[in-house]
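Have a look at the structure below, then the notes.
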Amino acid sequence: MTKNKLYNHLLSELFNRNFHEETGIITKDKNNYVFGWDYNENLIKKNKIFYAIGCSWLHSNFFNRTFINEFPEHILINRSIGGMGNSLIIDILKNDFVFFKSLNVEIFYLISFSEVGRNKKDFNYSNPKSYKSCHDYFENILINQFKDVQEILGSSNHYITTSFVNNCFNKNNTILDFCGPASLPKPNKDIYHYSSRIHSYMKDRKIFDFDYNNDIKATLESIDWLLSHKYIDTTYHPASYKPYEDFFKILPINSL
């Protein structure tokens with residue numbers, strides 16, 4: 001079946017990122033028209049669900065608009081929230097999945113983990129005493145959180161990845177993989193939290209025995225690398241439709 005897209009073009013061909021306004025709400029095309037000004041009204045009937053959950057990288061106008069254009073046969077249920085942490089992602093998914101199992105409808109699940117350490121509950125996933133670097137500690141937490149989500153989703157049609165932190169648990173592409181090229185080389189150390197405030201939190205608690213100077217240095221190097229990507233803006237987010245268009249192409253939903 002030929003898809004009746006909202007537009008007969010990729011959004012990245014119509015909406016130049018130079019016209020992107022700071023709010024991300026009003027994006028104009030090359031003729032100075034806003035998104036949705038002239039669209040294809042003959043959309044096909046919805047018969048599938050696409051469930052997405054993550055942080056602000058999915059709670060994004062670029063993500064939502066690209067989805068509407070690329071998957072007209074799907075209803076998008078986007079449970080993502082800006083600043084959402086991984087433990088909260090898991091708990092919301094766990095409850096939602098029980099409900100969706102009762103529906104007789106085809107569902108695709110996209111789970112995109114964010115930074116480790118946004119929820120206090122994250123620290124329950126691993127014992128910090130086994131690590132000298134918070135980055136290694138966070139990596140182990142993320143691996144264990146992935147195992148939780150994998151167990152929840154079972155054999156359902158799904159894709160589990162990360163947004164902008166390293167994917168240390170499977171071989172799936174991240175969204176950041178499509179935001180390049182980067183003008184700086186990737187640092188040798190993978191980090192899993194970009195805010196220095198987490199280091200202050202851990203310094204105040206004796207259970208965390210980390211080399212904070214080296215950990216902070218690695219964080220700062222990774223921030224510079226992240227910001228050097230072609231499609232990343234100063235808010236640490238994709239500022240174009242192109243990364244999401246390319247990301248959607250590799251999801252296994254396209255083979256259905």
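Letters A, B, ... go to the chains of the structure tokens in the order shown; residues in each chain start at 1; ligands are counted from 1 in the same order.
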
Just the residues within 10 Å of region 192-206 of chain A, please, counting only C-alpha atoms, with nothing from its chain fewer than 3 positions along; format it as a compact mmCIF listing (two decimals) with N, CA and C atoms, in the first residue's frame.
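In the end it all went to out-v7.txt:
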```
# COMPACT_ATOMS: atom_id res chain seq x y z
N SER A 114 17.26 8.03 28.48
CA SER A 114 17.94 9.30 28.61
C SER A 114 19.12 9.15 29.57
N GLU A 115 19.54 10.26 30.16
CA GLU A 115 20.63 10.24 31.11
C GLU A 115 20.32 9.35 32.32
N VAL A 116 21.32 8.72 32.85
CA VAL A 116 21.19 8.00 34.11
C VAL A 116 21.36 9.01 35.25
N GLY A 117 20.57 8.88 36.29
CA GLY A 117 20.71 9.75 37.45
C GLY A 117 19.69 10.87 37.52
N ARG A 118 18.69 10.85 36.64
CA ARG A 118 17.63 11.85 36.71
C ARG A 118 16.57 11.47 37.75
N CYS A 134 32.09 7.31 38.16
CA CYS A 134 30.63 7.37 38.10
C CYS A 134 30.13 6.97 36.72
N HIS A 135 30.94 7.18 35.69
CA HIS A 135 30.52 6.82 34.34
C HIS A 135 30.39 5.30 34.18
N ASP A 136 31.32 4.56 34.77
CA ASP A 136 31.22 3.09 34.74
C ASP A 136 30.03 2.62 35.57
N TYR A 137 29.81 3.29 36.68
CA TYR A 137 28.67 2.98 37.53
C TYR A 137 27.36 3.22 36.80
N PHE A 138 27.25 4.38 36.15
CA PHE A 138 26.03 4.70 35.41
C PHE A 138 25.83 3.73 34.24
N GLU A 139 26.91 3.33 33.62
CA GLU A 139 26.81 2.36 32.51
C GLU A 139 26.17 1.07 32.98
N ILE A 141 24.19 0.70 35.55
CA ILE A 141 22.78 0.99 35.84
C ILE A 141 21.95 0.92 34.56
N LEU A 142 22.44 1.54 33.51
CA LEU A 142 21.70 1.57 32.25
C LEU A 142 21.53 0.16 31.67
N PHE A 164 20.75 10.56 23.52
CA PHE A 164 22.05 11.18 23.28
C PHE A 164 23.18 10.58 24.11
N VAL A 165 22.88 9.70 25.05
CA VAL A 165 23.96 8.99 25.75
C VAL A 165 24.31 7.73 24.98
N ASN A 166 25.46 7.15 25.30
CA ASN A 166 25.91 5.96 24.60
C ASN A 166 24.97 4.79 24.81
N ASN A 167 24.76 3.99 23.79
CA ASN A 167 23.99 2.75 23.91
C ASN A 167 24.98 1.63 24.25
N CYS A 168 24.96 1.20 25.51
CA CYS A 168 25.92 0.20 25.99
C CYS A 168 25.29 -1.18 26.12
N LYS A 189 36.11 8.08 26.60
CA LYS A 189 35.27 7.68 27.72
C LYS A 189 33.81 7.97 27.42
N ASP A 209 32.42 6.65 45.97
CA ASP A 209 33.86 6.87 46.08
C ASP A 209 34.45 6.96 44.68
N PHE A 210 34.23 8.09 44.01
CA PHE A 210 34.64 8.24 42.63
C PHE A 210 35.76 9.26 42.48
N TYR A 212 36.30 12.24 41.06
CA TYR A 212 35.43 13.27 40.50
C TYR A 212 36.14 14.18 39.51
N ASN A 213 37.40 14.48 39.74
CA ASN A 213 38.12 15.36 38.82
C ASN A 213 38.18 14.77 37.42
N ASP A 215 36.22 12.38 36.29
CA ASP A 215 34.84 12.19 35.80
C ASP A 215 34.29 13.49 35.22
N ILE A 216 34.54 14.60 35.89
CA ILE A 216 34.05 15.89 35.40
C ILE A 216 34.77 16.28 34.12
N ALA A 218 35.93 14.24 31.87
CA ALA A 218 35.35 13.42 30.81
C ALA A 218 33.98 13.95 30.39
N THR A 219 33.21 14.43 31.36
CA THR A 219 31.90 14.99 31.07
C THR A 219 32.02 16.22 30.18
N LEU A 220 32.92 17.12 30.53
CA LEU A 220 33.08 18.35 29.77
C LEU A 220 33.55 18.07 28.34
N SER A 222 32.90 15.38 26.65
CA SER A 222 31.79 14.79 25.93
C SER A 222 30.74 15.83 25.56
N ILE A 223 30.55 16.83 26.42
CA ILE A 223 29.63 17.93 26.11
C ILE A 223 30.09 18.66 24.84
N LEU A 226 29.34 16.48 21.89
CA LEU A 226 27.90 16.47 21.60
C LEU A 226 27.49 17.72 20.85
N TYR A 236 21.32 21.35 23.39
CA TYR A 236 21.65 19.91 23.42
C TYR A 236 20.56 19.07 22.75
```

List the neighbours of Met84 (chain A) out to 12 Å using only C-alpha atoms; skip same-chain residues closer than 5 positions along the sequence, and give me the result as a list in words.
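My reading of the contact set: Ile53, Gly54, Cys55, Ser56, Trp57, Leu58, His59, Arg79, Ile89, Ile90, Asp91, Ile92, Ser112, Phe113, Ser114, Glu115, Val116, Gly117, Arg118, Asn119 and Ser163 of chain A.
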
Residues as selected, C-alpha atoms, written as an mmCIF file, in the first residue's frame, can you do that?
```
data_model
loop_
_atom_site.group_PDB
_atom_site.id
_atom_site.type_symbol
_atom_site.label_atom_id
_atom_site.label_comp_id
_atom_site.auth_asym_id
_atom_site.auth_seq_id
_atom_site.Cartn_x
_atom_site.Cartn_y
_atom_site.Cartn_z
ATOM 1 C CA ILE A 53 8.500 7.009 25.525
ATOM 2 C CA GLY A 54 11.654 8.923 26.371
ATOM 3 C CA CYS A 55 12.882 12.390 27.284
ATOM 4 C CA SER A 56 12.792 15.690 25.408
ATOM 5 C CA TRP A 57 14.468 14.143 22.378
ATOM 6 C CA LEU A 58 11.173 12.362 21.686
ATOM 7 C CA HIS A 59 9.017 15.055 23.288
ATOM 8 C CA ARG A 79 4.392 9.390 26.533
ATOM 9 C CA ILE A 89 10.204 5.734 31.896
ATOM 10 C CA ILE A 90 10.300 2.112 33.036
ATOM 11 C CA ASP A 91 7.504 2.454 35.589
ATOM 12 C CA ILE A 92 5.179 4.261 33.157
ATOM 13 C CA SER A 112 14.642 5.773 24.177
ATOM 14 C CA PHE A 113 16.607 5.970 27.426
ATOM 15 C CA SER A 114 17.943 9.302 28.614
ATOM 16 C CA GLU A 115 20.635 10.238 31.114
ATOM 17 C CA VAL A 116 21.191 7.998 34.115
ATOM 18 C CA GLY A 117 20.708 9.749 37.446
ATOM 19 C CA ARG A 118 17.634 11.852 36.713
ATOM 20 C CA ASN A 119 15.622 9.723 39.150
ATOM 21 C CA SER A 163 18.701 9.438 22.764
#
```

Contact residues around Phe248 (chain A) with only C-alpha atoms at 12 Å, ignoring same-chain residues under 2 positions, as a list of chain:residue names:
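The filter keeps A:Phe50, A:Leu58, A:Phe63, A:Asn64, A:Thr66, A:Phe67, A:Ile68, A:Asn69, A:Glu70, A:Phe71, A:Leu110, A:Tyr159, A:Asn173, A:Thr174, A:Ile175, A:Phe178, A:Tyr241, A:Lys242, A:Pro243, A:Tyr244, A:Glu245, A:Asp246, A:Ile250, A:Leu251, A:Pro252, A:Ile253, A:Asn254, A:Ser255.
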
For a quick check of understanding, using only C-alpha atoms, which of A:Pro128, A:Cys179, A:Leu153, A:Tyr231 has the smallest distance to Val98 (chain A)?
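Between A:Pro128, A:Cys179, A:Leu153, A:Tyr231, the residue approaching Val98 (chain A) most closely is A:Leu153.
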
At what distance in Å, to one decimal, does CA of Asp233 (chain A) lie from CA of Phe15 (chain A)?
16.5 Å

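Atom to atom, CA of Glu73 (chain A) and CA of Gly36 (chain A) stand 17.9 Å apart.
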
Expected answer as a PyMOL selection string: strand (DSSP E or B) residues in region 55-241 of chain A:
chain A and resi 74-78+106-113+158-162+182+229+232+238

Would you write out those residues with C-alpha atoms, as an mmCIF file, in the first residue's frame?
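Result went into result.cif, see below:
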```
data_model
loop_
_atom_site.group_PDB
_atom_site.id
_atom_site.type_symbol
_atom_site.label_atom_id
_atom_site.label_comp_id
_atom_site.auth_asym_id
_atom_site.auth_seq_id
_atom_site.Cartn_x
_atom_site.Cartn_y
_atom_site.Cartn_z
ATOM 1 C CA HIS A 74 -0.315 4.767 12.866
ATOM 2 C CA ILE A 75 -1.768 6.568 15.840
ATOM 3 C CA LEU A 76 1.087 8.023 17.850
ATOM 4 C CA ILE A 77 0.911 7.672 21.614
ATOM 5 C CA ASN A 78 3.882 9.689 22.784
ATOM 6 C CA GLU A 106 -0.829 -3.952 16.254
ATOM 7 C CA ILE A 107 1.536 -1.926 18.452
ATOM 8 C CA PHE A 108 5.138 -0.886 17.962
ATOM 9 C CA TYR A 109 7.086 0.278 21.031
ATOM 10 C CA LEU A 110 9.966 2.762 20.897
ATOM 11 C CA ILE A 111 11.864 3.202 24.162
ATOM 12 C CA SER A 112 14.642 5.773 24.177
ATOM 13 C CA PHE A 113 16.607 5.970 27.426
ATOM 14 C CA HIS A 158 9.894 -2.936 19.763
ATOM 15 C CA TYR A 159 13.100 -0.938 19.486
ATOM 16 C CA ILE A 160 15.113 -0.003 22.573
ATOM 17 C CA THR A 161 17.871 2.571 22.340
ATOM 18 C CA THR A 162 19.094 5.850 23.834
ATOM 19 C CA ALA A 182 30.644 15.936 14.560
ATOM 20 C CA HIS A 229 27.339 17.619 15.849
ATOM 21 C CA ILE A 232 22.631 19.706 17.577
ATOM 22 C CA PRO A 238 18.374 18.079 17.393
#
```
